[in-house]
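Below is final-v4.txt, which holds compact mmCIF, N, CA and C atoms.
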```txt
# COMPACT_ATOMS: atom_id res chain seq x y z
N ARG A 1 -80.88 29.38 -44.99
CA ARG A 1 -81.43 28.13 -45.50
C ARG A 1 -82.17 28.41 -46.80
N SER A 2 -81.53 28.06 -47.85
CA SER A 2 -82.13 28.28 -49.15
C SER A 2 -83.16 27.20 -49.42
N PRO A 3 -84.11 27.48 -50.32
CA PRO A 3 -85.08 26.46 -50.70
C PRO A 3 -84.40 25.19 -51.25
N GLU A 4 -83.29 25.37 -51.95
CA GLU A 4 -82.57 24.21 -52.50
C GLU A 4 -82.00 23.36 -51.36
N THR A 5 -81.43 23.99 -50.36
CA THR A 5 -80.87 23.27 -49.22
C THR A 5 -81.98 22.53 -48.47
N LEU A 6 -83.09 23.20 -48.23
CA LEU A 6 -84.21 22.55 -47.54
C LEU A 6 -84.75 21.38 -48.35
N ALA A 7 -84.81 21.54 -49.66
CA ALA A 7 -85.31 20.47 -50.52
C ALA A 7 -84.40 19.24 -50.46
N ARG A 8 -83.10 19.46 -50.34
CA ARG A 8 -82.17 18.33 -50.25
C ARG A 8 -82.34 17.56 -48.95
N GLY A 9 -82.74 18.23 -47.89
CA GLY A 9 -82.94 17.58 -46.61
C GLY A 9 -84.31 16.95 -46.45
N ALA A 10 -85.23 17.30 -47.33
CA ALA A 10 -86.61 16.82 -47.22
C ALA A 10 -86.72 15.29 -47.23
N PRO A 11 -85.99 14.58 -48.09
CA PRO A 11 -86.13 13.12 -48.08
C PRO A 11 -85.76 12.48 -46.74
N LEU A 12 -84.74 13.01 -46.06
CA LEU A 12 -84.38 12.46 -44.76
C LEU A 12 -85.46 12.78 -43.73
N ALA A 13 -86.04 13.97 -43.81
CA ALA A 13 -87.13 14.31 -42.90
C ALA A 13 -88.34 13.40 -43.14
N GLU A 14 -88.65 13.14 -44.40
CA GLU A 14 -89.77 12.25 -44.73
C GLU A 14 -89.51 10.82 -44.25
N LEU A 15 -88.29 10.35 -44.47
CA LEU A 15 -87.93 9.00 -44.00
C LEU A 15 -88.03 8.93 -42.48
N SER A 16 -87.55 9.95 -41.80
CA SER A 16 -87.61 9.99 -40.34
C SER A 16 -89.05 9.89 -39.85
N ARG A 17 -89.94 10.65 -40.46
CA ARG A 17 -91.36 10.59 -40.08
C ARG A 17 -91.93 9.19 -40.32
N ALA A 18 -91.56 8.58 -41.45
CA ALA A 18 -92.06 7.24 -41.76
C ALA A 18 -91.55 6.20 -40.75
N LEU A 19 -90.38 6.46 -40.18
CA LEU A 19 -89.80 5.56 -39.18
C LEU A 19 -90.30 5.86 -37.77
N GLY A 20 -91.10 6.93 -37.65
CA GLY A 20 -91.59 7.32 -36.33
C GLY A 20 -90.51 7.99 -35.48
N ARG A 21 -89.56 8.60 -36.13
CA ARG A 21 -88.45 9.26 -35.46
C ARG A 21 -88.44 10.74 -35.82
N THR A 22 -87.72 11.51 -35.02
CA THR A 22 -87.49 12.90 -35.41
C THR A 22 -86.30 12.92 -36.36
N LEU A 23 -86.17 14.00 -37.10
CA LEU A 23 -85.03 14.16 -37.99
C LEU A 23 -83.73 14.11 -37.18
N ALA A 24 -83.71 14.79 -36.04
CA ALA A 24 -82.51 14.79 -35.19
C ALA A 24 -82.18 13.37 -34.73
N SER A 25 -83.16 12.63 -34.30
CA SER A 25 -82.93 11.27 -33.83
C SER A 25 -82.35 10.41 -34.93
N THR A 26 -82.89 10.50 -36.12
CA THR A 26 -82.39 9.70 -37.24
C THR A 26 -80.94 10.08 -37.55
N ALA A 27 -80.67 11.37 -37.64
CA ALA A 27 -79.32 11.83 -37.99
C ALA A 27 -78.31 11.45 -36.91
N ILE A 28 -78.67 11.65 -35.66
CA ILE A 28 -77.74 11.36 -34.56
C ILE A 28 -77.50 9.86 -34.44
N ARG A 29 -78.57 9.07 -34.52
CA ARG A 29 -78.40 7.61 -34.42
C ARG A 29 -77.60 7.09 -35.61
N TRP A 30 -77.78 7.69 -36.81
CA TRP A 30 -77.00 7.30 -37.97
C TRP A 30 -75.53 7.59 -37.74
N ALA A 31 -75.23 8.76 -37.20
CA ALA A 31 -73.83 9.13 -36.95
C ALA A 31 -73.19 8.22 -35.91
N LEU A 32 -73.98 7.78 -34.94
CA LEU A 32 -73.45 6.93 -33.86
C LEU A 32 -73.44 5.44 -34.19
N ARG A 33 -73.90 5.08 -35.38
CA ARG A 33 -74.02 3.66 -35.74
C ARG A 33 -72.66 2.99 -35.87
N ASP A 34 -71.64 3.76 -36.19
CA ASP A 34 -70.31 3.24 -36.44
C ASP A 34 -69.52 3.18 -35.13
N GLN A 35 -69.05 2.01 -34.77
CA GLN A 35 -68.31 1.83 -33.52
C GLN A 35 -67.05 2.69 -33.45
N ARG A 36 -66.54 3.11 -34.60
CA ARG A 36 -65.34 3.95 -34.61
C ARG A 36 -65.65 5.39 -34.21
N VAL A 37 -66.91 5.78 -34.25
CA VAL A 37 -67.30 7.13 -33.86
C VAL A 37 -67.38 7.19 -32.34
N THR A 38 -66.58 8.05 -31.76
CA THR A 38 -66.55 8.16 -30.30
C THR A 38 -67.31 9.36 -29.79
N SER A 39 -67.62 10.31 -30.67
CA SER A 39 -68.42 11.46 -30.24
C SER A 39 -69.08 12.09 -31.46
N VAL A 40 -70.19 12.74 -31.20
CA VAL A 40 -70.92 13.47 -32.23
C VAL A 40 -71.15 14.86 -31.68
N LEU A 41 -70.77 15.87 -32.45
CA LEU A 41 -70.98 17.25 -32.03
C LEU A 41 -72.40 17.67 -32.40
N LEU A 42 -73.14 18.12 -31.41
CA LEU A 42 -74.52 18.53 -31.62
C LEU A 42 -74.62 20.04 -31.50
N GLY A 43 -75.47 20.62 -32.30
CA GLY A 43 -75.73 22.05 -32.21
C GLY A 43 -77.20 22.28 -31.98
N ALA A 44 -77.52 23.34 -31.29
CA ALA A 44 -78.92 23.67 -31.03
C ALA A 44 -79.05 25.18 -30.91
N SER A 45 -80.11 25.70 -31.49
CA SER A 45 -80.36 27.13 -31.38
C SER A 45 -81.52 27.42 -30.43
N SER A 46 -82.05 26.37 -29.81
CA SER A 46 -83.14 26.55 -28.84
C SER A 46 -83.10 25.39 -27.84
N THR A 47 -83.76 25.59 -26.73
CA THR A 47 -83.81 24.49 -25.75
C THR A 47 -84.61 23.32 -26.30
N ARG A 48 -85.58 23.60 -27.16
CA ARG A 48 -86.35 22.51 -27.78
C ARG A 48 -85.45 21.63 -28.64
N GLN A 49 -84.58 22.27 -29.43
CA GLN A 49 -83.65 21.49 -30.25
C GLN A 49 -82.67 20.71 -29.37
N LEU A 50 -82.22 21.32 -28.31
CA LEU A 50 -81.31 20.62 -27.40
C LEU A 50 -81.99 19.41 -26.79
N ASP A 51 -83.24 19.58 -26.34
CA ASP A 51 -84.00 18.46 -25.78
C ASP A 51 -84.17 17.35 -26.80
N ASP A 52 -84.46 17.71 -28.04
CA ASP A 52 -84.64 16.72 -29.11
C ASP A 52 -83.33 15.98 -29.37
N ASN A 53 -82.22 16.72 -29.41
CA ASN A 53 -80.92 16.09 -29.62
C ASN A 53 -80.58 15.14 -28.49
N LEU A 54 -80.80 15.56 -27.27
CA LEU A 54 -80.48 14.70 -26.13
C LEU A 54 -81.38 13.47 -26.07
N ALA A 55 -82.64 13.62 -26.45
CA ALA A 55 -83.56 12.47 -26.48
C ALA A 55 -83.10 11.43 -27.49
N ALA A 56 -82.44 11.88 -28.55
CA ALA A 56 -81.95 10.94 -29.57
C ALA A 56 -80.94 9.97 -28.99
N LEU A 57 -80.25 10.38 -27.94
CA LEU A 57 -79.26 9.49 -27.33
C LEU A 57 -79.92 8.29 -26.68
N ASP A 58 -81.18 8.42 -26.28
CA ASP A 58 -81.92 7.32 -25.68
C ASP A 58 -82.78 6.56 -26.69
N ALA A 59 -82.80 7.02 -27.93
CA ALA A 59 -83.61 6.37 -28.96
C ALA A 59 -82.97 5.03 -29.35
N PRO A 60 -83.78 4.10 -29.85
CA PRO A 60 -83.21 2.82 -30.28
C PRO A 60 -82.26 3.02 -31.47
N ASP A 61 -81.30 2.12 -31.58
CA ASP A 61 -80.41 2.15 -32.73
C ASP A 61 -81.22 1.96 -34.01
N LEU A 62 -80.67 2.43 -35.12
CA LEU A 62 -81.30 2.19 -36.41
C LEU A 62 -81.08 0.73 -36.80
N SER A 63 -82.08 0.13 -37.40
CA SER A 63 -81.95 -1.25 -37.89
C SER A 63 -81.08 -1.23 -39.16
N PRO A 64 -80.56 -2.38 -39.58
CA PRO A 64 -79.80 -2.42 -40.82
C PRO A 64 -80.60 -1.89 -42.02
N GLU A 65 -81.89 -2.17 -42.05
CA GLU A 65 -82.74 -1.67 -43.14
C GLU A 65 -82.87 -0.15 -43.09
N GLU A 66 -82.99 0.39 -41.89
CA GLU A 66 -83.09 1.85 -41.74
C GLU A 66 -81.78 2.52 -42.13
N ILE A 67 -80.66 1.92 -41.75
CA ILE A 67 -79.35 2.46 -42.14
C ILE A 67 -79.21 2.47 -43.66
N ALA A 68 -79.61 1.39 -44.29
CA ALA A 68 -79.53 1.31 -45.76
C ALA A 68 -80.39 2.38 -46.41
N ALA A 69 -81.57 2.63 -45.85
CA ALA A 69 -82.45 3.66 -46.40
C ALA A 69 -81.83 5.04 -46.26
N VAL A 70 -81.22 5.32 -45.12
CA VAL A 70 -80.55 6.61 -44.92
C VAL A 70 -79.35 6.72 -45.84
N ASP A 71 -78.56 5.66 -45.95
CA ASP A 71 -77.37 5.69 -46.80
C ASP A 71 -77.70 5.93 -48.27
N ALA A 72 -78.87 5.53 -48.71
CA ALA A 72 -79.25 5.71 -50.11
C ALA A 72 -79.63 7.16 -50.43
N LEU A 73 -79.98 7.93 -49.44
CA LEU A 73 -80.48 9.28 -49.69
C LEU A 73 -79.46 10.23 -50.34
N PRO A 74 -78.20 10.29 -49.92
CA PRO A 74 -77.29 11.22 -50.58
C PRO A 74 -77.14 10.95 -52.07
N VAL A 75 -77.17 9.69 -52.46
CA VAL A 75 -77.07 9.34 -53.87
C VAL A 75 -78.28 9.88 -54.62
N ASP A 76 -79.46 9.71 -54.03
CA ASP A 76 -80.69 10.14 -54.68
C ASP A 76 -80.80 11.66 -54.78
N THR A 77 -80.17 12.40 -53.88
CA THR A 77 -80.29 13.86 -53.88
C THR A 77 -79.09 14.57 -54.50
N GLY A 78 -78.09 13.80 -54.91
CA GLY A 78 -76.92 14.40 -55.55
C GLY A 78 -75.93 15.02 -54.57
N ILE A 79 -76.00 14.66 -53.30
CA ILE A 79 -75.08 15.19 -52.31
C ILE A 79 -73.90 14.24 -52.19
N ASN A 80 -72.69 14.79 -52.26
CA ASN A 80 -71.48 13.99 -52.09
C ASN A 80 -71.05 14.08 -50.63
N ILE A 81 -71.43 13.09 -49.81
CA ILE A 81 -71.11 13.15 -48.39
C ILE A 81 -69.63 12.90 -48.13
N TRP A 82 -68.91 12.49 -49.15
CA TRP A 82 -67.48 12.22 -48.98
C TRP A 82 -66.63 13.36 -49.53
N ALA A 83 -67.23 14.47 -49.91
CA ALA A 83 -66.47 15.62 -50.41
C ALA A 83 -65.52 16.12 -49.33
N SER A 84 -64.33 16.52 -49.73
CA SER A 84 -63.35 17.00 -48.76
C SER A 84 -63.62 18.44 -48.34
N ARG A 85 -64.33 19.19 -49.17
CA ARG A 85 -64.66 20.58 -48.85
C ARG A 85 -66.12 20.84 -49.20
N SER A 86 -66.71 21.78 -48.49
CA SER A 86 -68.10 22.11 -48.79
C SER A 86 -68.26 22.62 -50.21
N SER A 87 -67.22 23.21 -50.78
CA SER A 87 -67.31 23.70 -52.16
C SER A 87 -67.37 22.56 -53.16
N ASP A 88 -67.05 21.33 -52.72
CA ASP A 88 -67.13 20.16 -53.61
C ASP A 88 -68.54 19.57 -53.68
N LEU A 89 -69.44 20.05 -52.83
CA LEU A 89 -70.78 19.46 -52.76
C LEU A 89 -71.58 19.75 -54.00
```

As structure tokens, the full file:
Amino acid sequence: RSPETLARGAPLAELSRALGRTLASTAIRWALRDQRVTSVLLGASSTRQLDDNLAALDAPDLSPEEIAAVDALPVDTGINIWASRSSDL
């Protein structure tokens, strides 16, 4: 985890805190917002992370305003979430 990578994720972490959510909850609920998504692959390197990921499944859905705020972040940080390869980021 380079400082640059962590810096790119900081806005989502800050938004999550402002929403009273964990970063995992925000990311997981964002991924599940689309009815076409039938599964989300979760990773965890500790039982604490696993517990946090699983708790996100019981968290309330993101509101339309919260979704819009999350959707705006990649543009603001210069991340191309639609890149076909990680080398395109």

Using DSSP on the backbone, list every residue of stretch 22-81 of chain A that comes out as helix (DSSP H, G or I), and give them as a PyMOL selection string.
-> chain A and resi 23-31+47-56+64-77

Rounded to one decimal in Å, what is the spacing between atom N of A:Glu4 and atom C of A:Pro74?
->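 Straight-line distance from atom N of A:Glu4 to atom C of A:Pro74 works out to 15.7 Å.
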
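Nearest residue to A:Gly43, choosing from A:Trp30, A:Ala59, A:Ala24, A:Leu15 and counting only C-alpha atoms: A:Ala24.
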
Could you pull the residues within 8 Å of stretch 51-53 of chain A, counting all atoms listed in the file, minus those fewer than 3 positions along the same chain, as a list in words?
-> Thr22, Ala24, Ser25, Ile28, Leu42, Gly43, Ala44, Ser46, Thr47, Arg48, Ala56, Leu57 and Asp58 of chain A

Take the residues that were just selected and, keeping N, CA and C atoms, output them as a short mmCIF file (atom, residue, chain, number, x, y, z; two decimals), in the coordinates of the input.
```
data_model
loop_
_atom_site.label_atom_id
_atom_site.label_comp_id
_atom_site.auth_asym_id
_atom_site.auth_seq_id
_atom_site.Cartn_x
_atom_site.Cartn_y
_atom_site.Cartn_z
N THR A 22 -87.72 11.51 -35.02
CA THR A 22 -87.49 12.90 -35.41
C THR A 22 -86.30 12.92 -36.36
N ALA A 24 -83.71 14.79 -36.04
CA ALA A 24 -82.51 14.79 -35.19
C ALA A 24 -82.18 13.37 -34.73
N SER A 25 -83.16 12.63 -34.30
CA SER A 25 -82.93 11.27 -33.83
C SER A 25 -82.35 10.41 -34.93
N ILE A 28 -78.67 11.65 -35.66
CA ILE A 28 -77.74 11.36 -34.56
C ILE A 28 -77.50 9.86 -34.44
N LEU A 42 -73.14 18.12 -31.41
CA LEU A 42 -74.52 18.53 -31.62
C LEU A 42 -74.62 20.04 -31.50
N GLY A 43 -75.47 20.62 -32.30
CA GLY A 43 -75.73 22.05 -32.21
C GLY A 43 -77.20 22.28 -31.98
N ALA A 44 -77.52 23.34 -31.29
CA ALA A 44 -78.92 23.67 -31.03
C ALA A 44 -79.05 25.18 -30.91
N SER A 46 -82.05 26.37 -29.81
CA SER A 46 -83.14 26.55 -28.84
C SER A 46 -83.10 25.39 -27.84
N THR A 47 -83.76 25.59 -26.73
CA THR A 47 -83.81 24.49 -25.75
C THR A 47 -84.61 23.32 -26.30
N ARG A 48 -85.58 23.60 -27.16
CA ARG A 48 -86.35 22.51 -27.78
C ARG A 48 -85.45 21.63 -28.64
N ALA A 56 -82.44 11.88 -28.55
CA ALA A 56 -81.95 10.94 -29.57
C ALA A 56 -80.94 9.97 -28.99
N LEU A 57 -80.25 10.38 -27.94
CA LEU A 57 -79.26 9.49 -27.33
C LEU A 57 -79.92 8.29 -26.68
N ASP A 58 -81.18 8.42 -26.28
CA ASP A 58 -81.92 7.32 -25.68
C ASP A 58 -82.78 6.56 -26.69
#
```

Write out as an MDAnalysis selection string each polymer residue whose atoms come within 8 Å of stretch 62-64 of chain A, counting only N, CA and C atoms; drop sequence neighbours fewer than 3 positions from it.
-> chainID A and resid 26 29:30 32:33 59 67:70

Please write the residues from the selection above to a file, keeping N, CA and C atoms, as a JSON list (two decimals), keeping the file's coordinate frame.
```
[["chain", "number", "residue", "atom", "x", "y", "z"],
["A", 26, "THR", "N", -82.89, 10.50, -36.12],
["A", 26, "THR", "CA", -82.39, 9.70, -37.24],
["A", 26, "THR", "C", -80.94, 10.08, -37.55],
["A", 29, "ARG", "N", -78.57, 9.07, -34.52],
["A", 29, "ARG", "CA", -78.40, 7.61, -34.42],
["A", 29, "ARG", "C", -77.60, 7.09, -35.61],
["A", 30, "TRP", "N", -77.78, 7.69, -36.81],
["A", 30, "TRP", "CA", -77.00, 7.30, -37.97],
["A", 30, "TRP", "C", -75.53, 7.59, -37.74],
["A", 32, "LEU", "N", -73.98, 7.78, -34.94],
["A", 32, "LEU", "CA", -73.45, 6.93, -33.86],
["A", 32, "LEU", "C", -73.44, 5.44, -34.19],
["A", 33, "ARG", "N", -73.90, 5.08, -35.38],
["A", 33, "ARG", "CA", -74.02, 3.66, -35.74],
["A", 33, "ARG", "C", -72.66, 2.99, -35.87],
["A", 59, "ALA", "N", -82.80, 7.02, -27.93],
["A", 59, "ALA", "CA", -83.61, 6.37, -28.96],
["A", 59, "ALA", "C", -82.97, 5.03, -29.35],
["A", 67, "ILE", "N", -80.66, 1.92, -41.75],
["A", 67, "ILE", "CA", -79.35, 2.46, -42.14],
["A", 67, "ILE", "C", -79.21, 2.47, -43.66],
["A", 68, "ALA", "N", -79.61, 1.39, -44.29],
["A", 68, "ALA", "CA", -79.53, 1.31, -45.76],
["A", 68, "ALA", "C", -80.39, 2.38, -46.41],
["A", 69, "ALA", "N", -81.57, 2.63, -45.85],
["A", 69, "ALA", "CA", -82.45, 3.66, -46.40],
["A", 69, "ALA", "C", -81.83, 5.04, -46.26],
["A", 70, "VAL", "N", -81.22, 5.32, -45.12],
["A", 70, "VAL", "CA", -80.55, 6.61, -44.92],
["A", 70, "VAL", "C", -79.35, 6.72, -45.84]]
```

Could you please determine the separation between atom CA of A:Val37 and atom CA of A:Pro11 in Å, to one decimal place?
->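 About the pair atom CA of A:Val37 and atom CA of A:Pro11: they are 24.3 Å apart.
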
For atom N of A:Leu6 and atom C of A:Ala18, determine how far apart the two atoms are, in Å to one decimal place.
->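 Taking atom N of A:Leu6 as the start and atom C of A:Ala18 as the end point, the length is 20.4 Å.
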